[in-house]
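Structure file run.cif (mmCIF, C-alpha atoms) follows.
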```cif
data_structure
#
loop_
_atom_site.label_atom_id
_atom_site.label_comp_id
_atom_site.auth_asym_id
_atom_site.auth_seq_id
_atom_site.Cartn_x
_atom_site.Cartn_y
_atom_site.Cartn_z
CA MET A 14 -41.18 2.73 -58.88
CA LYS A 15 -37.47 1.96 -59.00
CA THR A 16 -36.10 -0.80 -61.16
CA ALA A 17 -34.03 -3.60 -59.71
CA SER A 18 -30.84 -2.02 -61.01
CA GLN A 19 -31.75 1.34 -59.44
CA ARG A 20 -32.47 -0.34 -56.11
CA LEU A 21 -29.16 -2.14 -56.33
CA ALA A 22 -27.26 1.08 -57.11
CA ALA A 23 -28.92 2.85 -54.20
CA ALA A 24 -28.06 -0.02 -51.87
CA GLY A 25 -24.46 0.11 -53.04
CA GLN A 26 -24.29 3.84 -52.35
CA ARG A 27 -25.70 3.35 -48.88
CA THR A 28 -23.22 0.54 -48.25
CA ARG A 29 -20.27 2.66 -49.38
CA ALA A 30 -21.45 5.51 -47.18
CA CYS A 31 -21.77 3.16 -44.23
CA VAL A 32 -18.33 1.69 -44.86
CA PHE A 33 -16.77 5.16 -45.02
CA ALA A 34 -18.55 6.27 -41.84
CA CYS A 35 -17.59 3.11 -40.02
CA VAL A 36 -13.96 3.55 -41.03
CA LEU A 37 -14.01 7.12 -39.76
CA LEU A 38 -15.49 5.96 -36.47
CA ALA A 39 -12.87 3.25 -36.19
CA TYR A 40 -10.13 5.78 -36.91
CA GLY A 41 -11.49 8.19 -34.32
CA ALA A 42 -11.61 5.49 -31.65
CA GLN A 43 -8.14 4.17 -32.39
CA ALA A 44 -6.53 7.60 -32.62
CA ASN A 45 -6.98 8.00 -28.88
CA ALA A 46 -5.63 4.59 -27.97
CA ALA A 47 -1.91 4.23 -27.44
CA GLY A 48 -2.29 0.46 -27.91
CA THR A 49 -2.80 0.70 -31.67
CA ALA A 50 0.65 0.89 -33.19
CA VAL A 51 1.56 3.58 -35.68
CA GLY A 52 1.55 2.24 -39.24
CA THR A 53 -1.23 -0.26 -38.57
CA VAL A 54 -3.38 -0.64 -41.68
CA ILE A 55 -7.13 -0.68 -41.09
CA GLU A 56 -9.09 -2.31 -43.91
CA ASN A 57 -12.82 -2.69 -44.43
CA THR A 58 -14.84 -4.46 -47.09
CA ALA A 59 -18.62 -4.71 -47.17
CA SER A 60 -21.01 -6.81 -49.21
CA VAL A 61 -24.62 -6.72 -50.33
CA SER A 62 -26.63 -9.91 -50.90
CA PHE A 63 -29.92 -10.08 -52.76
CA ASP A 64 -32.07 -12.36 -54.88
CA LEU A 65 -31.85 -11.76 -58.61
CA GLY A 66 -34.17 -13.82 -60.73
CA GLY A 67 -34.28 -16.52 -58.07
CA THR A 68 -30.52 -16.62 -57.68
CA ARG A 69 -28.81 -15.42 -54.51
CA THR A 70 -26.20 -12.84 -55.54
CA THR A 71 -23.55 -11.09 -53.50
CA ILE A 72 -21.72 -7.95 -54.51
CA VAL A 73 -18.55 -7.05 -52.64
CA THR A 74 -17.61 -3.40 -52.27
CA ASN A 75 -14.22 -1.96 -52.82
CA THR A 76 -11.86 -2.22 -49.83
CA THR A 77 -11.13 0.97 -47.94
CA THR A 78 -7.79 1.25 -46.18
CA LEU A 79 -6.11 3.73 -43.92
CA THR A 80 -2.84 3.78 -42.03
CA VAL A 81 -2.89 4.74 -38.37
CA ALA A 82 -0.93 7.94 -37.83
CA GLU A 83 1.49 8.48 -34.98
CA ARG A 84 0.01 10.29 -31.98
CA VAL A 85 2.54 12.36 -30.05
CA ASP A 86 1.87 12.42 -26.30
CA VAL A 87 3.92 12.34 -23.10
CA VAL A 88 3.31 12.42 -19.35
CA VAL A 89 5.76 13.42 -16.61
CA THR A 90 4.99 12.34 -13.04
CA LEU A 91 6.76 13.13 -9.76
CA ALA A 92 7.99 9.98 -8.03
CA SER A 93 9.50 11.71 -4.98
CA PRO A 94 7.75 12.97 -1.86
CA GLN A 95 8.55 16.44 -0.52
CA LEU A 96 12.29 16.36 0.06
CA LEU A 97 13.57 17.65 3.39
CA VAL A 98 16.80 19.61 2.91
CA ALA A 99 19.13 21.84 4.92
CA ALA A 100 20.56 25.22 3.98
CA GLY A 101 23.60 24.77 1.73
CA ASP A 102 22.85 21.14 0.81
CA ALA A 103 24.34 19.95 -2.49
CA ASN A 104 23.19 17.44 -5.11
CA ARG A 105 19.71 16.85 -3.74
CA ALA A 106 17.80 14.77 -6.28
CA LEU A 107 14.10 14.68 -7.11
CA LEU A 108 12.89 11.59 -9.01
CA PHE A 109 10.49 11.83 -11.96
CA THR A 110 9.05 9.33 -14.44
CA VAL A 111 8.71 10.25 -18.12
CA THR A 112 6.20 8.08 -20.02
CA ASN A 113 5.53 7.99 -23.76
CA THR A 114 1.73 7.84 -23.89
CA GLY A 115 1.62 8.03 -27.68
CA ASN A 116 1.33 5.06 -30.02
CA GLY A 117 4.76 5.17 -31.65
CA SER A 118 8.40 5.50 -30.77
CA GLU A 119 9.35 9.00 -29.64
CA THR A 120 12.56 10.82 -28.78
CA PHE A 121 12.26 13.38 -26.01
CA SER A 122 14.37 16.32 -24.95
CA LEU A 123 14.52 17.08 -21.22
CA GLY A 124 14.77 20.42 -19.50
CA SER A 125 14.60 21.94 -16.02
CA ASP A 126 13.29 25.19 -14.57
CA ASN A 127 13.73 26.47 -11.03
CA ALA A 128 12.29 29.98 -11.47
CA ILE A 129 8.78 28.98 -10.41
CA GLY A 130 6.51 31.53 -8.83
CA GLY A 131 4.85 31.04 -5.47
CA ASP A 132 7.69 29.36 -3.60
CA ASP A 133 10.18 30.79 -1.09
CA PHE A 134 13.46 30.17 -2.89
CA ASP A 135 14.87 28.99 -6.22
CA PRO A 136 16.97 25.83 -6.02
CA ILE A 137 20.31 26.07 -7.81
CA ALA A 138 20.64 23.64 -10.70
CA ALA A 139 23.61 21.31 -10.33
CA VAL A 140 25.96 20.74 -13.28
CA PRO A 141 24.81 18.48 -14.81
CA ALA A 142 21.26 18.89 -13.51
CA ILE A 143 19.57 15.84 -15.05
CA TYR A 144 20.51 12.18 -14.65
CA PHE A 145 18.92 8.90 -15.67
CA ASP A 146 18.27 6.40 -12.86
CA SER A 147 20.50 3.95 -14.70
CA ASP A 148 20.71 1.41 -11.90
CA ALA A 149 16.98 1.66 -11.05
CA SER A 150 17.85 2.25 -7.40
CA GLY A 151 15.60 5.26 -6.88
CA ASP A 152 18.58 7.15 -5.42
CA LEU A 153 21.23 9.22 -7.17
CA THR A 154 24.38 7.09 -7.34
CA ALA A 155 27.70 7.03 -9.17
CA ALA A 156 26.21 4.52 -11.62
CA ASP A 157 23.61 6.99 -12.91
CA VAL A 158 24.29 8.53 -16.32
CA ALA A 159 24.10 12.29 -16.84
CA TYR A 160 21.75 13.58 -19.53
CA THR A 161 23.31 15.59 -22.35
CA PRO A 162 20.77 17.29 -24.69
CA GLY A 163 21.10 16.07 -28.25
CA VAL A 164 23.46 13.27 -27.27
CA ASN A 165 21.46 10.79 -25.19
CA ASP A 166 17.90 12.05 -25.49
CA PRO A 167 15.65 9.21 -24.27
CA VAL A 168 14.00 7.18 -27.03
CA LEU A 169 10.83 5.54 -25.71
CA ALA A 170 8.55 3.01 -27.37
CA ALA A 171 4.80 3.42 -26.94
CA ASP A 172 3.89 3.17 -23.22
CA GLU A 173 7.57 2.93 -22.22
CA SER A 174 8.91 4.99 -19.30
CA VAL A 175 12.25 6.22 -18.01
CA ASP A 176 13.10 7.43 -14.50
CA VAL A 177 14.96 10.72 -14.34
CA PHE A 178 16.61 12.68 -11.52
CA LEU A 179 16.52 16.46 -11.32
CA VAL A 180 19.49 17.52 -9.19
CA ASN A 181 19.80 20.83 -7.36
CA ASP A 182 21.79 22.59 -4.67
CA ILE A 183 20.06 24.47 -1.86
CA PRO A 184 20.99 28.12 -1.25
CA ALA A 185 22.63 29.00 2.05
CA ALA A 186 20.26 31.89 2.80
CA VAL A 187 17.08 29.93 3.50
CA ALA A 188 15.02 29.48 6.65
CA ASN A 189 13.23 26.58 8.28
CA GLY A 190 9.96 25.86 6.52
CA ASP A 191 10.96 27.53 3.24
CA ILE A 192 9.81 25.73 0.08
CA GLY A 193 11.63 25.64 -3.24
CA ARG A 194 10.21 24.10 -6.40
CA SER A 195 11.91 22.54 -9.39
CA ARG A 196 10.28 21.52 -12.69
CA LEU A 197 11.21 18.80 -15.19
CA THR A 198 9.85 19.09 -18.74
CA ALA A 199 9.88 16.47 -21.50
CA SER A 200 9.26 17.57 -25.10
CA SER A 201 8.85 15.35 -28.14
CA LEU A 202 11.40 16.00 -30.88
CA THR A 203 8.78 14.94 -33.42
CA GLY A 204 6.85 18.10 -32.60
CA THR A 205 4.94 20.03 -29.97
CA GLY A 206 2.06 22.46 -30.17
CA THR A 207 -1.69 22.61 -30.52
CA PRO A 208 -3.41 19.20 -30.20
CA GLY A 209 -4.49 18.00 -33.62
CA THR A 210 -1.60 19.60 -35.48
CA VAL A 211 -0.35 17.29 -38.23
CA VAL A 212 3.38 16.94 -38.82
CA VAL A 213 3.51 15.44 -42.30
CA GLY A 214 5.79 12.43 -42.68
CA ALA A 215 7.34 12.86 -39.22
CA GLY A 216 5.96 9.68 -37.68
CA ASP A 217 7.41 6.19 -37.58
CA ALA A 218 8.07 4.68 -41.02
CA GLY A 219 7.21 7.99 -42.68
CA THR A 220 3.64 8.14 -41.45
CA ASP A 221 2.10 11.45 -40.46
CA ALA A 222 2.38 12.47 -36.82
CA VAL A 223 -0.49 14.12 -34.97
CA ILE A 224 0.13 16.17 -31.84
CA GLY A 225 -1.96 14.62 -29.04
CA THR A 226 -3.86 16.05 -26.10
CA THR A 227 -0.70 16.83 -24.12
CA GLY A 228 0.66 18.95 -26.94
CA GLY A 229 3.67 16.62 -27.16
CA GLU A 230 5.09 18.18 -24.02
CA ALA A 231 4.57 17.65 -20.30
CA SER A 232 6.11 18.69 -17.01
CA ALA A 233 5.89 18.05 -13.27
CA GLU A 234 7.21 19.87 -10.22
CA GLY A 235 8.94 18.61 -7.10
CA GLU A 236 9.40 20.42 -3.79
CA TYR A 237 12.27 20.93 -1.40
CA VAL A 238 11.37 21.84 2.18
CA VAL A 239 14.05 23.39 4.38
CA SER A 240 14.21 21.70 7.76
CA ASP A 241 16.76 21.39 10.51
CA ILE A 242 15.42 17.90 11.15
CA ALA A 243 14.61 14.81 9.17
CA VAL A 244 12.29 12.01 10.19
CA ASN A 245 13.38 8.56 9.04
CA VAL A 246 10.44 6.15 8.82
CA VAL A 247 10.69 2.43 8.02
CA LYS A 248 7.80 -0.06 7.88
CA THR A 249 8.07 -3.85 7.96
CA GLN A 250 5.57 -6.70 8.14
CA LEU A 251 5.59 -10.23 9.54
CA VAL A 252 3.00 -12.85 8.53
CA GLN A 253 1.92 -15.76 10.74
CA ASP A 254 -0.56 -18.15 9.17
CA PRO A 255 -2.98 -20.42 11.14
CA PHE A 256 -0.78 -23.45 10.43
CA GLY A 257 2.40 -22.17 11.99
CA GLY A 258 3.90 -20.91 8.74
CA SER A 259 4.28 -17.51 7.11
CA GLU A 260 1.96 -17.76 4.11
CA PRO A 261 -0.43 -14.78 3.52
CA VAL A 262 -3.62 -16.88 3.47
CA PRO A 263 -7.06 -15.89 4.80
CA GLY A 264 -6.95 -16.00 8.57
CA ALA A 265 -3.25 -15.18 8.75
CA THR A 266 -2.10 -12.42 11.11
CA ILE A 267 0.07 -9.57 9.85
CA THR A 268 2.19 -7.71 12.39
CA TYR A 269 3.12 -4.26 11.11
CA THR A 270 6.13 -2.56 12.68
CA VAL A 271 6.96 1.08 11.98
CA THR A 272 10.09 2.76 13.34
CA LEU A 273 10.52 6.54 13.41
CA GLU A 274 13.72 8.40 14.18
CA VAL A 275 14.41 12.13 14.22
CA VAL A 276 17.76 13.23 12.80
CA GLY A 277 19.11 16.76 13.18
CA SER A 278 19.18 19.52 15.76
CA GLY A 279 15.53 20.60 15.58
CA THR A 280 12.22 19.40 17.00
CA ALA A 281 9.42 17.59 15.18
CA THR A 282 6.59 19.33 16.99
CA ALA A 283 3.26 17.62 17.69
CA SER A 284 4.18 14.50 15.71
CA VAL A 285 1.28 12.17 14.89
CA PHE A 286 1.56 8.70 13.35
CA ARG A 287 -1.31 7.50 11.12
CA ASP A 288 -1.64 4.20 9.30
CA PRO A 289 -4.89 3.09 7.59
CA ILE A 290 -5.88 -0.54 8.12
CA PRO A 291 -5.23 -2.21 4.74
CA THR A 292 -8.13 -3.24 2.53
CA TYR A 293 -8.99 -6.97 2.77
CA THR A 294 -7.80 -7.10 6.38
CA THR A 295 -9.43 -6.58 9.80
CA PHE A 296 -7.72 -4.83 12.71
CA LEU A 297 -6.90 -7.12 15.64
CA PRO A 298 -8.31 -5.37 18.73
CA GLY A 299 -5.83 -4.54 21.49
CA SER A 300 -2.77 -4.95 19.28
CA ILE A 301 -1.46 -1.36 19.20
CA THR A 302 1.85 -0.81 21.01
CA LEU A 303 4.26 2.10 21.32
CA ASN A 304 7.83 1.17 22.21
CA GLY A 305 6.54 -2.14 23.52
CA ALA A 306 3.82 -0.66 25.76
CA SER A 307 0.19 -1.51 24.97
CA LEU A 308 -2.18 1.27 23.94
CA THR A 309 -5.96 1.13 24.08
CA ASP A 310 -8.06 1.23 20.92
CA ALA A 311 -10.26 4.02 22.28
CA ALA A 312 -9.55 7.75 22.17
CA ASP A 313 -8.58 8.24 25.81
CA ALA A 314 -5.68 9.34 27.97
CA ASP A 315 -2.99 7.26 26.26
CA ALA A 316 -1.29 8.12 22.98
CA GLY A 317 -3.05 5.68 20.65
CA GLU A 318 -6.43 4.83 19.20
CA LEU A 319 -8.24 3.17 16.33
CA ASP A 320 -9.93 6.07 14.52
CA THR A 321 -13.08 4.83 12.76
CA ALA A 322 -14.52 8.23 11.83
CA THR A 323 -13.82 7.46 8.16
CA ALA A 324 -11.61 4.55 7.14
CA ALA A 325 -10.26 2.60 10.11
CA THR A 326 -6.86 4.12 10.93
CA ILE A 327 -4.26 3.57 13.61
CA VAL A 328 -3.39 6.90 15.26
CA VAL A 329 -0.51 7.37 17.70
CA ARG A 330 0.28 10.85 19.04
CA LEU A 331 4.04 10.97 19.50
CA GLY A 332 4.30 14.57 20.66
CA ASP A 333 7.45 16.64 20.28
CA LEU A 334 10.36 14.51 19.09
CA THR A 335 14.07 15.29 18.98
CA LEU A 336 17.20 13.32 18.28
CA ALA A 337 17.48 12.65 22.01
CA ASP A 338 14.18 10.73 22.05
CA GLY A 339 15.73 7.95 19.99
CA THR A 340 13.80 5.49 17.84
CA GLN A 341 10.02 5.29 18.29
CA THR A 342 8.44 1.93 17.43
CA VAL A 343 4.74 1.49 16.68
CA GLU A 344 3.22 -1.95 16.15
CA PHE A 345 -0.26 -3.24 15.40
CA GLN A 346 -1.81 -6.35 13.91
CA ALA A 347 -4.45 -7.18 11.31
CA THR A 348 -5.87 -10.46 10.04
CA ILE A 349 -6.38 -11.30 6.38
CA ASP A 350 -10.10 -11.58 5.60
#
```

Structure translated into structure tokens:
Amino acid sequence: MKTASQRLAAAGQRTRACVFACVLLAYGAQANAAGTAVGTVIENTASVSFDLGGTRTTIVTNTTTLTVAERVDVVVTLASPQLLVAAGDANRALLFTVTNTGNGSETFSLGSDNAIGGDDFDPIAAVPAIYFDSDASGDLTAADVAYTPGVNDPVLAADESVDVFLVNDIPAAVANGDIGRSRLTASSLTGTGTPGTVVVGAGDAGTDAVIGTTGGEASAEGEYVVSDIAVNVVKTQLVQDPFGGSEPVPGATITYTVTLEVVGSGTATASVFRDPIPTYTTFLPGSITLNGASLTDAADADAGELDTATAATIVVRLGDLTLADGTQTVEFQATID
């Protein structure tokens, strides 16, 4: 039979083991969460209470501490749709977003690559090829600042993003329908490599840095599609509430207007317009129009219908469109539930 002191020593050992295990679990959970800032100190102190000779006694363990290391991670996402281009076009810009998904401040180098297998042509990198969307316009403008490696590498706090243009010229010897791809890569200057690799003392405030699941490097690709036409599409909405105003309250009617216009010398063959009915709204029967003419909701001889095979969707078959057809206008209405 153990003495009281032996039981107390055993309890203390179990407590210390539990504290250590709990700290490890806490560290493991936090190491995958960008929200916990690098350099954060995690402390833990346990206690054991017991009766000793009729007196309630509490023994406090030593305090364990650890400092959260810096996790190095980055994500690059394409913010542009497929970009329609013509042979010989210059300075055609694809928009990307670079996001620091680590938990500390990181500096990233940026690079581009147009020699990507599986496409029809290699875009020609402009000089310079990378710009920051300095005016947040989403379009390449004179206000945007060119990226110079080693001079203005983006420095991003945890969860911070920067929008970047990748700018290319289109070769002259391309054909309609050809696709060219261009890749933007962001690499952490703290380090890249196998996830879990520790870069001693390279994190914020001299902490260790740990390469995260992305390897400290990420990339995304955008596509150019050669076309002798472009289709300009603009969508607007008008709200009419039940009280004669324009507030988006339940029962209000939203009129959606979409205009489509073909630009260029070619033909947009078998063009079809589709627009899902928004969530939290209900389609207003009989409200579909094409260029001011009413269309039925059923799939019949006219060009429009409400397709309910999956999610309710407005479908209007526009046919072959050229520049000569002018602007096509589709309207429909929905009420806010």

Residues within 8 Å of Leu297 in chain A, all atoms listed in the file, excluding chain neighbours under 4 positions, as a list in words
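Here the qualifying residues turn out to be Phe345, Gln346, Ala347 and Thr348 of chain A.
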
Could you give me, as an mmCIF file with C-alpha atoms, keeping the file's coordinate frame, the residues that sit within 8 Å of (-2.3, 3.3, 13.8) in the file's coordinates, counting only C-alpha atoms?
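To be explicit, this is the file written out as point-v1.cif:
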```cif
data_model
loop_
_atom_site.group_PDB
_atom_site.id
_atom_site.type_symbol
_atom_site.label_atom_id
_atom_site.label_comp_id
_atom_site.auth_asym_id
_atom_site.auth_seq_id
_atom_site.Cartn_x
_atom_site.Cartn_y
_atom_site.Cartn_z
ATOM 1 C CA PHE A 286 1.560 8.700 13.350
ATOM 2 C CA ARG A 287 -1.310 7.500 11.120
ATOM 3 C CA ASP A 288 -1.640 4.200 9.300
ATOM 4 C CA PRO A 289 -4.890 3.090 7.590
ATOM 5 C CA ILE A 290 -5.880 -0.540 8.120
ATOM 6 C CA ILE A 301 -1.460 -1.360 19.200
ATOM 7 C CA GLY A 317 -3.050 5.680 20.650
ATOM 8 C CA GLU A 318 -6.430 4.830 19.200
ATOM 9 C CA LEU A 319 -8.240 3.170 16.330
ATOM 10 C CA THR A 326 -6.860 4.120 10.930
ATOM 11 C CA ILE A 327 -4.260 3.570 13.610
ATOM 12 C CA VAL A 328 -3.390 6.900 15.260
ATOM 13 C CA VAL A 329 -0.510 7.370 17.700
ATOM 14 C CA VAL A 343 4.740 1.490 16.680
ATOM 15 C CA GLU A 344 3.220 -1.950 16.150
ATOM 16 C CA PHE A 345 -0.260 -3.240 15.400
#
```

Would you translate the PyMOL selection byres ((chain A and resi 84) around 6) into the concrete set of residues it matches in this file, as number ranges by chain?
A: 83, 85, 115-116, 222-225

For the residues in the current selection, export C-alpha atoms as a PDB file, in the frame of the given file.
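Below is the file that was written, result.pdb:
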```pdb
ATOM      1  CA  GLU A  83       1.490   8.480 -34.980  1.00  0.00           C
ATOM      2  CA  VAL A  85       2.540  12.360 -30.050  1.00  0.00           C
ATOM      3  CA  GLY A 115       1.620   8.030 -27.680  1.00  0.00           C
ATOM      4  CA  ASN A 116       1.330   5.060 -30.020  1.00  0.00           C
ATOM      5  CA  ALA A 222       2.380  12.470 -36.820  1.00  0.00           C
ATOM      6  CA  VAL A 223      -0.490  14.120 -34.970  1.00  0.00           C
ATOM      7  CA  ILE A 224       0.130  16.170 -31.840  1.00  0.00           C
ATOM      8  CA  GLY A 225      -1.960  14.620 -29.040  1.00  0.00           C
TER       9      GLY A 225
END
```

Near-Asp133 in chain A list (9 Å; all atoms listed in the file; drop same-chain fewer than 2 positions) as a list of chain:residue names
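Counting only the stated atoms, we get A:Gly130, A:Gly131, A:Asp135, A:Val187, A:Asp191, A:Ile192, A:Gly193, A:Arg194.
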
In terms of the shortest atom-to-atom distance over only C-alpha atoms, which of A:Ala50, A:Ala218, A:Thr292, A:Thr342 is closest to Val247 in chain A?
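For Val247 in chain A, the nearest of the candidates is A:Thr342.
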
Just add N, CA and C atoms to range 221-232 of chain A and send it as an mmCIF file, keeping the file's coordinate frame.
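Wrote it out as rebuild.cif, contents follow:
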```cif
data_model
loop_
_atom_site.group_PDB
_atom_site.id
_atom_site.type_symbol
_atom_site.label_atom_id
_atom_site.label_comp_id
_atom_site.auth_asym_id
_atom_site.auth_seq_id
_atom_site.Cartn_x
_atom_site.Cartn_y
_atom_site.Cartn_z
ATOM 1 N N ASP A 221 2.332 10.133 -41.038
ATOM 2 C CA ASP A 221 2.100 11.450 -40.460
ATOM 3 C C ASP A 221 2.084 11.333 -38.936
ATOM 4 N N ALA A 222 2.475 12.398 -38.282
ATOM 5 C CA ALA A 222 2.380 12.470 -36.820
ATOM 6 C C ALA A 222 1.345 13.513 -36.454
ATOM 7 N N VAL A 223 0.555 13.203 -35.436
ATOM 8 C CA VAL A 223 -0.490 14.120 -34.970
ATOM 9 C C VAL A 223 -0.203 14.466 -33.515
ATOM 10 N N ILE A 224 -0.119 15.739 -33.209
ATOM 11 C CA ILE A 224 0.130 16.170 -31.840
ATOM 12 C C ILE A 224 -1.096 15.815 -30.995
ATOM 13 N N GLY A 225 -0.866 15.099 -29.878
ATOM 14 C CA GLY A 225 -1.960 14.620 -29.040
ATOM 15 C C GLY A 225 -2.411 15.638 -28.009
ATOM 16 N N THR A 226 -3.207 15.159 -27.073
ATOM 17 C CA THR A 226 -3.860 16.050 -26.100
ATOM 18 C C THR A 226 -2.871 16.757 -25.177
ATOM 19 N N THR A 227 -1.686 16.179 -24.978
ATOM 20 C CA THR A 227 -0.700 16.830 -24.120
ATOM 21 C C THR A 227 0.113 17.879 -24.858
ATOM 22 N N GLY A 228 -0.129 18.016 -26.163
ATOM 23 C CA GLY A 228 0.660 18.950 -26.940
ATOM 24 C C GLY A 228 2.069 18.469 -27.213
ATOM 25 N N GLY A 229 2.332 17.171 -26.945
ATOM 26 C CA GLY A 229 3.670 16.620 -27.160
ATOM 27 C C GLY A 229 4.677 17.051 -26.122
ATOM 28 N N GLU A 230 4.196 17.674 -25.056
ATOM 29 C CA GLU A 230 5.090 18.180 -24.020
ATOM 30 C C GLU A 230 4.395 18.095 -22.674
ATOM 31 N N ALA A 231 5.153 17.753 -21.629
ATOM 32 C CA ALA A 231 4.570 17.650 -20.300
ATOM 33 C C ALA A 231 5.628 17.974 -19.256
ATOM 34 N N SER A 232 5.171 18.366 -18.077
ATOM 35 C CA SER A 232 6.110 18.690 -17.010
ATOM 36 C C SER A 232 5.489 18.337 -15.665
#
```
